[in-house]
$ cat final-v8.cif   # mmCIF, N, CA and C atoms
data_entry
#
loop_
_atom_site.group_PDB
_atom_site.id
_atom_site.type_symbol
_atom_site.label_atom_id
_atom_site.label_comp_id
_atom_site.auth_asym_id
_atom_site.auth_seq_id
_atom_site.Cartn_x
_atom_site.Cartn_y
_atom_site.Cartn_z
ATOM 1 N N MET A 26 146.489 62.697 138.530
ATOM 2 C CA MET A 26 146.437 61.401 137.898
ATOM 3 C C MET A 26 145.521 61.486 136.684
ATOM 4 N N ALA A 27 145.935 60.913 135.584
ATOM 5 C CA ALA A 27 145.137 60.916 134.355
ATOM 6 C C ALA A 27 143.940 59.986 134.483
ATOM 7 N N ILE A 28 142.911 60.290 133.719
ATOM 8 C CA ILE A 28 141.689 59.498 133.804
ATOM 9 C C ILE A 28 141.887 58.060 133.307
ATOM 10 N N PHE A 29 142.836 57.825 132.398
ATOM 11 C CA PHE A 29 143.065 56.488 131.864
ATOM 12 C C PHE A 29 144.379 55.901 132.368
ATOM 13 N N SER A 30 144.801 56.279 133.509
ATOM 14 C CA SER A 30 146.039 55.775 134.073
ATOM 15 C C SER A 30 145.933 54.288 134.378
ATOM 16 N N SER A 31 147.019 53.563 134.155
ATOM 17 C CA SER A 31 147.022 52.149 134.502
ATOM 18 C C SER A 31 147.896 51.889 135.726
ATOM 19 N N ARG A 32 148.276 52.973 136.414
ATOM 20 C CA ARG A 32 149.042 52.801 137.642
ATOM 21 C C ARG A 32 148.144 52.251 138.731
ATOM 22 N N PRO A 33 148.670 51.393 139.586
ATOM 23 C CA PRO A 33 147.847 50.837 140.656
ATOM 24 C C PRO A 33 147.354 51.913 141.609
ATOM 25 N N SER A 34 146.141 51.750 142.092
ATOM 26 C CA SER A 34 145.616 52.637 143.121
ATOM 27 C C SER A 34 146.118 52.142 144.468
ATOM 28 N N GLN A 35 145.641 52.741 145.521
ATOM 29 C CA GLN A 35 146.081 52.326 146.854
ATOM 30 C C GLN A 35 145.668 50.889 147.154
ATOM 31 N N SER A 36 144.628 50.374 146.493
ATOM 32 C CA SER A 36 144.200 48.995 146.722
ATOM 33 C C SER A 36 145.082 48.004 145.964
ATOM 34 N N GLY A 37 146.000 48.496 145.118
ATOM 35 C CA GLY A 37 146.881 47.622 144.378
ATOM 36 C C GLY A 37 146.336 47.213 143.013
ATOM 37 N N ARG A 38 145.117 47.653 142.672
ATOM 38 C CA ARG A 38 144.525 47.333 141.375
ATOM 39 C C ARG A 38 144.665 48.533 140.457
ATOM 40 N N PRO A 39 144.734 48.305 139.159
ATOM 41 C CA PRO A 39 144.785 49.457 138.238
ATOM 42 C C PRO A 39 143.511 50.280 138.342
ATOM 43 N N ASP A 40 143.635 51.590 138.083
ATOM 44 C CA ASP A 40 142.483 52.487 138.142
ATOM 45 C C ASP A 40 141.509 52.250 136.998
ATOM 46 N N SER A 41 141.987 51.755 135.870
ATOM 47 C CA SER A 41 141.113 51.504 134.722
ATOM 48 C C SER A 41 141.600 50.257 134.005
ATOM 49 N N PRO A 42 140.738 49.613 133.212
ATOM 50 C CA PRO A 42 141.162 48.415 132.487
ATOM 51 C C PRO A 42 142.253 48.730 131.483
ATOM 52 N N ARG A 43 143.112 47.795 131.249
ATOM 53 C CA ARG A 43 144.170 47.961 130.263
ATOM 54 C C ARG A 43 143.596 47.758 128.884
ATOM 55 N N ARG A 44 143.791 48.687 127.996
ATOM 56 C CA ARG A 44 143.257 48.633 126.642
ATOM 57 C C ARG A 44 143.974 47.579 125.791
ATOM 58 N N THR A 45 145.174 47.132 126.198
ATOM 59 C CA THR A 45 145.933 46.168 125.418
ATOM 60 C C THR A 45 145.650 44.735 125.828
ATOM 61 N N ASP A 46 144.792 44.499 126.815
ATOM 62 C CA ASP A 46 144.485 43.155 127.281
ATOM 63 C C ASP A 46 143.683 42.422 126.207
ATOM 64 N N PRO A 47 144.238 41.351 125.578
ATOM 65 C CA PRO A 47 143.549 40.681 124.480
ATOM 66 C C PRO A 47 142.427 39.754 124.934
ATOM 67 N N ALA A 48 142.299 39.486 126.213
ATOM 68 C CA ALA A 48 141.316 38.523 126.696
ATOM 69 C C ALA A 48 140.026 39.214 127.131
ATOM 70 N N GLY A 49 139.533 40.134 126.328
ATOM 71 C CA GLY A 49 138.304 40.842 126.644
ATOM 72 C C GLY A 49 137.083 39.969 126.432
ATOM 73 N N LEU A 50 135.940 40.477 126.841
ATOM 74 C CA LEU A 50 134.664 39.780 126.701
ATOM 75 C C LEU A 50 133.738 40.613 125.832
ATOM 76 N N THR A 51 133.213 40.005 124.768
ATOM 77 C CA THR A 51 132.241 40.644 123.894
ATOM 78 C C THR A 51 130.919 39.939 124.099
ATOM 79 N N ILE A 52 129.849 40.696 124.399
ATOM 80 C CA ILE A 52 128.532 40.110 124.626
ATOM 81 C C ILE A 52 127.561 40.668 123.595
ATOM 82 N N ILE A 53 126.889 39.757 122.890
ATOM 83 C CA ILE A 53 125.780 40.122 122.013
ATOM 84 C C ILE A 53 124.532 39.841 122.840
ATOM 85 N N ALA A 54 123.890 40.888 123.326
ATOM 86 C CA ALA A 54 122.815 40.760 124.305
ATOM 87 C C ALA A 54 121.547 40.155 123.719
ATOM 88 N N ALA A 55 120.722 39.578 124.599
ATOM 89 C CA ALA A 55 119.417 39.055 124.196
ATOM 90 C C ALA A 55 118.610 40.185 123.579
ATOM 91 N N GLY A 56 117.903 39.891 122.502
ATOM 92 C CA GLY A 56 117.130 40.906 121.803
ATOM 93 C C GLY A 56 117.924 41.656 120.749
ATOM 94 N N THR A 57 119.224 41.355 120.626
ATOM 95 C CA THR A 57 120.095 42.004 119.651
ATOM 96 C C THR A 57 120.349 41.058 118.490
ATOM 97 N N THR A 58 120.291 41.578 117.260
ATOM 98 C CA THR A 58 120.613 40.796 116.072
ATOM 99 C C THR A 58 121.768 41.460 115.347
ATOM 100 N N ILE A 59 122.809 40.693 115.079
ATOM 101 C CA ILE A 59 123.961 41.163 114.316
ATOM 102 C C ILE A 59 123.908 40.476 112.963
ATOM 103 N N VAL A 60 123.937 41.247 111.880
ATOM 104 C CA VAL A 60 124.005 40.695 110.533
ATOM 105 C C VAL A 60 125.397 41.023 110.016
ATOM 106 N N GLY A 61 126.250 40.015 109.954
ATOM 107 C CA GLY A 61 127.643 40.200 109.565
ATOM 108 C C GLY A 61 128.534 39.347 110.447
ATOM 109 N N ASP A 62 129.807 39.364 110.155
ATOM 110 C CA ASP A 62 130.761 38.546 110.884
ATOM 111 C C ASP A 62 131.176 39.218 112.192
ATOM 112 N N VAL A 63 131.473 38.385 113.194
ATOM 113 C CA VAL A 63 131.922 38.867 114.503
ATOM 114 C C VAL A 63 133.277 38.229 114.782
ATOM 115 N N GLY A 64 134.238 39.024 115.220
ATOM 116 C CA GLY A 64 135.562 38.514 115.566
ATOM 117 C C GLY A 64 136.079 39.177 116.813
ATOM 118 N N SER A 65 136.810 38.406 117.632
ATOM 119 C CA SER A 65 137.343 38.943 118.879
ATOM 120 C C SER A 65 138.640 38.228 119.239
ATOM 121 N N GLU A 66 139.519 38.939 119.921
ATOM 122 C CA GLU A 66 140.751 38.347 120.426
ATOM 123 C C GLU A 66 140.519 37.676 121.779
ATOM 124 N N GLY A 67 139.331 37.798 122.322
ATOM 125 C CA GLY A 67 139.023 37.206 123.620
ATOM 126 C C GLY A 67 137.860 36.244 123.533
ATOM 127 N N VAL A 68 136.892 36.423 124.429
ATOM 128 C CA VAL A 68 135.708 35.570 124.539
ATOM 129 C C VAL A 68 134.522 36.282 123.896
ATOM 130 N N VAL A 69 133.699 35.528 123.146
ATOM 131 C CA VAL A 69 132.458 36.058 122.586
ATOM 132 C C VAL A 69 131.309 35.280 123.214
ATOM 133 N N LYS A 70 130.392 36.003 123.852
ATOM 134 C CA LYS A 70 129.197 35.387 124.433
ATOM 135 C C LYS A 70 127.996 35.873 123.635
ATOM 136 N N ILE A 71 127.260 34.926 123.053
ATOM 137 C CA ILE A 71 126.085 35.247 122.258
ATOM 138 C C ILE A 71 124.852 34.943 123.097
ATOM 139 N N GLU A 72 124.050 35.966 123.343
ATOM 140 C CA GLU A 72 122.769 35.796 124.018
ATOM 141 C C GLU A 72 121.622 36.116 123.065
ATOM 142 N N GLY A 73 121.935 36.818 121.979
ATOM 143 C CA GLY A 73 120.950 37.203 120.967
ATOM 144 C C GLY A 73 121.118 36.359 119.720
ATOM 145 N N THR A 74 121.138 37.020 118.547
ATOM 146 C CA THR A 74 121.228 36.330 117.259
ATOM 147 C C THR A 74 122.360 36.924 116.427
ATOM 148 N N VAL A 75 123.141 36.048 115.799
ATOM 149 C CA VAL A 75 124.176 36.472 114.856
ATOM 150 C C VAL A 75 123.933 35.738 113.549
ATOM 151 N N GLN A 76 123.872 36.500 112.457
ATOM 152 C CA GLN A 76 123.765 35.926 111.120
ATOM 153 C C GLN A 76 125.081 36.204 110.411
ATOM 154 N N GLY A 77 126.029 35.294 110.587
ATOM 155 C CA GLY A 77 127.362 35.453 110.023
ATOM 156 C C GLY A 77 128.346 34.583 110.769
ATOM 157 N N THR A 78 129.577 34.624 110.352
ATOM 158 C CA THR A 78 130.644 33.844 110.965
ATOM 159 C C THR A 78 131.050 34.475 112.297
ATOM 160 N N VAL A 79 131.296 33.627 113.305
ATOM 161 C CA VAL A 79 131.769 34.097 114.605
ATOM 162 C C VAL A 79 133.133 33.469 114.861
ATOM 163 N N ARG A 80 134.141 34.328 115.123
ATOM 164 C CA ARG A 80 135.502 33.871 115.409
ATOM 165 C C ARG A 80 135.954 34.481 116.727
ATOM 166 N N ALA A 81 136.574 33.651 117.565
ATOM 167 C CA ALA A 81 137.123 34.140 118.828
ATOM 168 C C ALA A 81 138.467 33.462 119.073
ATOM 169 N N ALA A 82 139.413 34.209 119.609
ATOM 170 C CA ALA A 82 140.738 33.669 119.878
ATOM 171 C C ALA A 82 140.753 32.809 121.134
ATOM 172 N N THR A 83 139.738 32.934 121.985
ATOM 173 C CA THR A 83 139.709 32.194 123.239
ATOM 174 C C THR A 83 138.532 31.236 123.318
ATOM 175 N N GLN A 84 137.309 31.770 123.301
ATOM 176 C CA GLN A 84 136.128 30.946 123.562
ATOM 177 C C GLN A 84 134.887 31.602 122.970
ATOM 178 N N ILE A 85 133.937 30.755 122.522
ATOM 179 C CA ILE A 85 132.615 31.211 122.109
ATOM 180 C C ILE A 85 131.606 30.540 123.018
ATOM 181 N N LEU A 86 130.740 31.345 123.632
ATOM 182 C CA LEU A 86 129.670 30.848 124.492
ATOM 183 C C LEU A 86 128.339 31.184 123.826
ATOM 184 N N VAL A 87 127.516 30.174 123.594
ATOM 185 C CA VAL A 87 126.199 30.390 122.990
ATOM 186 C C VAL A 87 125.176 30.070 124.074
ATOM 187 N N ALA A 88 124.538 31.100 124.599
ATOM 188 C CA ALA A 88 123.615 30.949 125.723
ATOM 189 C C ALA A 88 122.322 30.260 125.285
ATOM 190 N N PRO A 89 121.619 29.610 126.215
ATOM 191 C CA PRO A 89 120.308 29.060 125.880
ATOM 192 C C PRO A 89 119.399 30.166 125.333
ATOM 193 N N GLY A 90 118.707 29.877 124.231
ATOM 194 C CA GLY A 90 117.849 30.870 123.588
ATOM 195 C C GLY A 90 118.550 31.692 122.528
ATOM 196 N N ALA A 91 119.871 31.622 122.463
ATOM 197 C CA ALA A 91 120.641 32.360 121.459
ATOM 198 C C ALA A 91 120.728 31.552 120.177
ATOM 199 N N MET A 92 121.034 32.243 119.057
ATOM 200 C CA MET A 92 121.140 31.549 117.782
ATOM 201 C C MET A 92 122.238 32.159 116.922
ATOM 202 N N ILE A 93 123.025 31.277 116.303
ATOM 203 C CA ILE A 93 124.022 31.679 115.311
ATOM 204 C C ILE A 93 123.663 30.990 114.009
ATOM 205 N N ARG A 94 123.525 31.783 112.942
ATOM 206 C CA ARG A 94 123.326 31.238 111.597
ATOM 207 C C ARG A 94 124.609 31.529 110.821
ATOM 208 N N GLY A 95 125.579 30.636 111.004
ATOM 209 C CA GLY A 95 126.883 30.792 110.377
ATOM 210 C C GLY A 95 127.878 29.871 111.049
ATOM 211 N N ASP A 96 129.088 29.862 110.549
ATOM 212 C CA ASP A 96 130.136 29.008 111.090
ATOM 213 C C ASP A 96 130.762 29.650 112.318
ATOM 214 N N VAL A 97 131.258 28.810 113.240
ATOM 215 C CA VAL A 97 131.921 29.299 114.450
ATOM 216 C C VAL A 97 133.325 28.705 114.532
ATOM 217 N N PHE A 98 134.286 29.545 114.942
ATOM 218 C CA PHE A 98 135.693 29.154 115.032
ATOM 219 C C PHE A 98 136.266 29.669 116.351
ATOM 220 N N ALA A 99 136.775 28.764 117.185
ATOM 221 C CA ALA A 99 137.430 29.150 118.442
ATOM 222 C C ALA A 99 138.130 27.921 119.013
ATOM 223 N N PRO A 100 139.094 28.118 119.890
ATOM 224 C CA PRO A 100 139.691 26.964 120.555
ATOM 225 C C PRO A 100 138.670 26.193 121.398
ATOM 226 N N GLU A 101 137.749 26.925 122.023
ATOM 227 C CA GLU A 101 136.748 26.294 122.888
ATOM 228 C C GLU A 101 135.369 26.870 122.576
ATOM 229 N N ILE A 102 134.389 25.983 122.381
ATOM 230 C CA ILE A 102 133.025 26.402 122.078
ATOM 231 C C ILE A 102 132.082 25.712 123.045
ATOM 232 N N VAL A 103 131.234 26.501 123.705
ATOM 233 C CA VAL A 103 130.215 25.979 124.613
ATOM 234 C C VAL A 103 128.865 26.368 124.037
ATOM 235 N N ALA A 104 128.086 25.363 123.621
ATOM 236 C CA ALA A 104 126.807 25.606 122.971
ATOM 237 C C ALA A 104 125.659 25.254 123.908
ATOM 238 N N GLY A 105 124.864 26.259 124.234
ATOM 239 C CA GLY A 105 123.650 26.051 125.007
ATOM 240 C C GLY A 105 122.432 26.422 124.185
ATOM 241 N N GLY A 106 122.648 27.136 123.089
ATOM 242 C CA GLY A 106 121.574 27.568 122.197
ATOM 243 C C GLY A 106 121.678 26.849 120.863
ATOM 244 N N GLU A 107 121.363 27.566 119.778
ATOM 245 C CA GLU A 107 121.344 26.978 118.442
ATOM 246 C C GLU A 107 122.520 27.484 117.603
ATOM 247 N N ILE A 108 123.141 26.553 116.877
ATOM 248 C CA ILE A 108 124.163 26.895 115.895
ATOM 249 C C ILE A 108 123.756 26.226 114.592
ATOM 250 N N HIS A 109 123.506 27.037 113.566
ATOM 251 C CA HIS A 109 123.165 26.536 112.232
ATOM 252 C C HIS A 109 124.364 26.814 111.336
ATOM 253 N N GLY A 110 125.352 25.928 111.387
ATOM 254 C CA GLY A 110 126.575 26.096 110.625
ATOM 255 C C GLY A 110 127.626 25.137 111.130
ATOM 256 N N SER A 111 128.831 25.255 110.600
ATOM 257 C CA SER A 111 129.944 24.394 111.001
ATOM 258 C C SER A 111 130.541 24.862 112.314
ATOM 259 N N VAL A 112 130.983 23.907 113.112
ATOM 260 C CA VAL A 112 131.617 24.190 114.401
ATOM 261 C C VAL A 112 133.075 23.745 114.303
ATOM 262 N N HIS A 113 134.006 24.694 114.478
ATOM 263 C CA HIS A 113 135.439 24.411 114.376
ATOM 264 C C HIS A 113 136.111 24.804 115.686
ATOM 265 N N ALA A 114 136.536 23.800 116.464
ATOM 266 C CA ALA A 114 137.200 24.064 117.743
ATOM 267 C C ALA A 114 138.523 23.302 117.779
ATOM 268 N N ASP A 115 139.576 23.960 118.223
ATOM 269 C CA ASP A 115 140.894 23.333 118.313
ATOM 270 C C ASP A 115 141.044 22.467 119.565
ATOM 271 N N GLU A 116 140.323 22.821 120.637
ATOM 272 C CA GLU A 116 140.532 22.140 121.907
ATOM 273 C C GLU A 116 139.298 21.417 122.449
ATOM 274 N N ARG A 117 138.146 22.089 122.480
ATOM 275 C CA ARG A 117 137.005 21.503 123.175
ATOM 276 C C ARG A 117 135.693 22.059 122.671
ATOM 277 N N VAL A 118 134.698 21.162 122.558
ATOM 278 C CA VAL A 118 133.330 21.560 122.251
ATOM 279 C C VAL A 118 132.439 20.962 123.336
ATOM 280 N N GLU A 119 131.609 21.801 123.943
ATOM 281 C CA GLU A 119 130.642 21.338 124.939
ATOM 282 C C GLU A 119 129.248 21.631 124.395
ATOM 283 N N ILE A 120 128.435 20.589 124.289
ATOM 284 C CA ILE A 120 127.060 20.752 123.839
ATOM 285 C C ILE A 120 126.170 20.470 125.027
ATOM 286 N N GLN A 121 125.510 21.504 125.518
ATOM 287 C CA GLN A 121 124.689 21.389 126.717
ATOM 288 C C GLN A 121 123.298 20.873 126.375
ATOM 289 N N ALA A 122 122.596 20.389 127.396
ATOM 290 C CA ALA A 122 121.226 19.908 127.226
ATOM 291 C C ALA A 122 120.362 21.026 126.653
ATOM 292 N N GLY A 123 119.578 20.694 125.644
ATOM 293 C CA GLY A 123 118.705 21.688 125.009
ATOM 294 C C GLY A 123 119.346 22.421 123.854
ATOM 295 N N ALA A 124 120.647 22.245 123.638
ATOM 296 C CA ALA A 124 121.336 22.910 122.526
ATOM 297 C C ALA A 124 121.011 22.198 121.212
ATOM 298 N N MET A 125 121.162 22.936 120.107
ATOM 299 C CA MET A 125 120.942 22.343 118.795
ATOM 300 C C MET A 125 122.050 22.776 117.844
ATOM 301 N N ILE A 126 122.702 21.801 117.231
ATOM 302 C CA ILE A 126 123.732 22.072 116.228
ATOM 303 C C ILE A 126 123.221 21.494 114.910
ATOM 304 N N ASP A 127 123.105 22.346 113.903
ATOM 305 C CA ASP A 127 122.592 21.907 112.617
ATOM 306 C C ASP A 127 123.640 22.173 111.562
#
$ encode --input "final-v8.cif" --output "structure tokens"
Amino acid sequence: MAIFSSRPSQSGRPDSPRRTDPAGLTIIAAGTTIVGDVGSEGVVKIEGTVQGTVRAATQILVAPGAMIRGDVFAPEIVAGGEIHGSVHADERVEIQAGAMID
């Protein structure tokens, strides 16, 4: 069996993740700063800092203590931290207690 096989194992689950799955998760960890734009076909979770535009095809999650200095674009945006820029959501925006949108 190849190391990257997507055939089910005896448990019925694939042996490795499918590389073509567009609903992946991208995490910008706490203590990490990204200077530039971020884009994903899945979910983007920000726990650190991004200085640039953030685009996601599914959802953007901004954790408490996280900060984005730029515009955000996604169907669904959940803000628990700080966003200093425009918020563009097609379906839903959730602003949690303690969040700041400027």
$ residues_around --input "final-v8.cif" --residues "A:Ser111" --least-positions-apart "4" --cutoff "6.5 Å" --atoms "all atoms listed in the file" --output "list in words"
Gly95, Asp96, Val97 and Asp127 of chain A
$ closest_residue --input "final-v8.cif" --among "A:Ile93, A:Ser65, A:Thr78, A:Ile59" --to "A:Ile108" --atoms "all atoms listed in the file"
A:Ile93
$ closest_residue --input "final-v8.cif" --among "A:Leu50, A:Val79, A:Gly123, A:Leu86" --to "A:Gly64" --atoms "only N, CA and C atoms"
A:Val79
$ residues_near_point --input "final-v8.cif" --point "(141.4, 32.1, 120.5)" --cutoff "8 Å" --atoms "all atoms listed in the file" --output "PyMOL selection string"
chain A and resi 65-68+80-85+98-101
$ resolve_selection --input "final-v8.cif" --expression "the PyMOL selection byres (((chain A and resi 88 and name CA) around 8) and name CA)" --output "MDAnalysis selection string"
chainID A and resid 70:72 86:87 89:91 104:106
$ atom_distance --input "final-v8.cif" --atom1 "atom C of A:Ala122" --atom2 "atom N of A:Thr58"
22.6 Å
$ closest_residue --input "final-v8.cif" --among "A:Ala114, A:Val103, A:Ile126, A:Val75" --to "A:Ile53" --atoms "only C-alpha atoms"
A:Val75
$ atom_distance --input "final-v8.cif" --atom1 "atom N of A:Ala55" --atom2 "atom C of A:Val69"
11.5 Å
$ axis_aligned_box --input "final-v8.cif" --around "stretch 92-99 of chain A" --padding-each-side "5 Å" --output "JSON"
{"center_x": 129.6, "center_y": 30.1, "center_z": 114.7, "size_x": 27.1, "size_y": 14.3, "size_z": 18.7}
$ select_by_dssp --input "final-v8.cif" --residues "stretch 47-90 of chain A" --states "strand (DSSP E or B)" --output "mmCIF file with N, CA and C atoms, in the frame of the given file"
data_model
loop_
_atom_site.group_PDB
_atom_site.id
_atom_site.type_symbol
_atom_site.label_atom_id
_atom_site.label_comp_id
_atom_site.auth_asym_id
_atom_site.auth_seq_id
_atom_site.Cartn_x
_atom_site.Cartn_y
_atom_site.Cartn_z
ATOM 1 N N LEU A 50 135.940 40.477 126.841
ATOM 2 C CA LEU A 50 134.664 39.780 126.701
ATOM 3 C C LEU A 50 133.738 40.613 125.832
ATOM 4 N N THR A 51 133.213 40.005 124.768
ATOM 5 C CA THR A 51 132.241 40.644 123.894
ATOM 6 C C THR A 51 130.919 39.939 124.099
ATOM 7 N N ILE A 52 129.849 40.696 124.399
ATOM 8 C CA ILE A 52 128.532 40.110 124.626
ATOM 9 C C ILE A 52 127.561 40.668 123.595
ATOM 10 N N ILE A 53 126.889 39.757 122.890
ATOM 11 C CA ILE A 53 125.780 40.122 122.013
ATOM 12 C C ILE A 53 124.532 39.841 122.840
ATOM 13 N N THR A 58 120.291 41.578 117.260
ATOM 14 C CA THR A 58 120.613 40.796 116.072
ATOM 15 C C THR A 58 121.768 41.460 115.347
ATOM 16 N N ILE A 59 122.809 40.693 115.079
ATOM 17 C CA ILE A 59 123.961 41.163 114.316
ATOM 18 C C ILE A 59 123.908 40.476 112.963
ATOM 19 N N VAL A 60 123.937 41.247 111.880
ATOM 20 C CA VAL A 60 124.005 40.695 110.533
ATOM 21 C C VAL A 60 125.397 41.023 110.016
ATOM 22 N N VAL A 63 131.473 38.385 113.194
ATOM 23 C CA VAL A 63 131.922 38.867 114.503
ATOM 24 C C VAL A 63 133.277 38.229 114.782
ATOM 25 N N GLY A 64 134.238 39.024 115.220
ATOM 26 C CA GLY A 64 135.562 38.514 115.566
ATOM 27 C C GLY A 64 136.079 39.177 116.813
ATOM 28 N N SER A 65 136.810 38.406 117.632
ATOM 29 C CA SER A 65 137.343 38.943 118.879
ATOM 30 C C SER A 65 138.640 38.228 119.239
ATOM 31 N N VAL A 68 136.892 36.423 124.429
ATOM 32 C CA VAL A 68 135.708 35.570 124.539
ATOM 33 C C VAL A 68 134.522 36.282 123.896
ATOM 34 N N VAL A 69 133.699 35.528 123.146
ATOM 35 C CA VAL A 69 132.458 36.058 122.586
ATOM 36 C C VAL A 69 131.309 35.280 123.214
ATOM 37 N N LYS A 70 130.392 36.003 123.852
ATOM 38 C CA LYS A 70 129.197 35.387 124.433
ATOM 39 C C LYS A 70 127.996 35.873 123.635
ATOM 40 N N ILE A 71 127.260 34.926 123.053
ATOM 41 C CA ILE A 71 126.085 35.247 122.258
ATOM 42 C C ILE A 71 124.852 34.943 123.097
ATOM 43 N N THR A 74 121.138 37.020 118.547
ATOM 44 C CA THR A 74 121.228 36.330 117.259
ATOM 45 C C THR A 74 122.360 36.924 116.427
ATOM 46 N N VAL A 75 123.141 36.048 115.799
ATOM 47 C CA VAL A 75 124.176 36.472 114.856
ATOM 48 C C VAL A 75 123.933 35.738 113.549
ATOM 49 N N GLN A 76 123.872 36.500 112.457
ATOM 50 C CA GLN A 76 123.765 35.926 111.120
ATOM 51 C C GLN A 76 125.081 36.204 110.411
ATOM 52 N N VAL A 79 131.296 33.627 113.305
ATOM 53 C CA VAL A 79 131.769 34.097 114.605
ATOM 54 C C VAL A 79 133.133 33.469 114.861
ATOM 55 N N ARG A 80 134.141 34.328 115.123
ATOM 56 C CA ARG A 80 135.502 33.871 115.409
ATOM 57 C C ARG A 80 135.954 34.481 116.727
ATOM 58 N N ALA A 81 136.574 33.651 117.565
ATOM 59 C CA ALA A 81 137.123 34.140 118.828
ATOM 60 C C ALA A 81 138.467 33.462 119.073
ATOM 61 N N GLN A 84 137.309 31.770 123.301
ATOM 62 C CA GLN A 84 136.128 30.946 123.562
ATOM 63 C C GLN A 84 134.887 31.602 122.970
ATOM 64 N N ILE A 85 133.937 30.755 122.522
ATOM 65 C CA ILE A 85 132.615 31.211 122.109
ATOM 66 C C ILE A 85 131.606 30.540 123.018
ATOM 67 N N LEU A 86 130.740 31.345 123.632
ATOM 68 C CA LEU A 86 129.670 30.848 124.492
ATOM 69 C C LEU A 86 128.339 31.184 123.826
ATOM 70 N N VAL A 87 127.516 30.174 123.594
ATOM 71 C CA VAL A 87 126.199 30.390 122.990
ATOM 72 C C VAL A 87 125.176 30.070 124.074
#
$ atom_distance --input "final-v8.cif" --atom1 "atom N of A:Arg117" --atom2 "atom C of A:Gly56"
28.2 Å
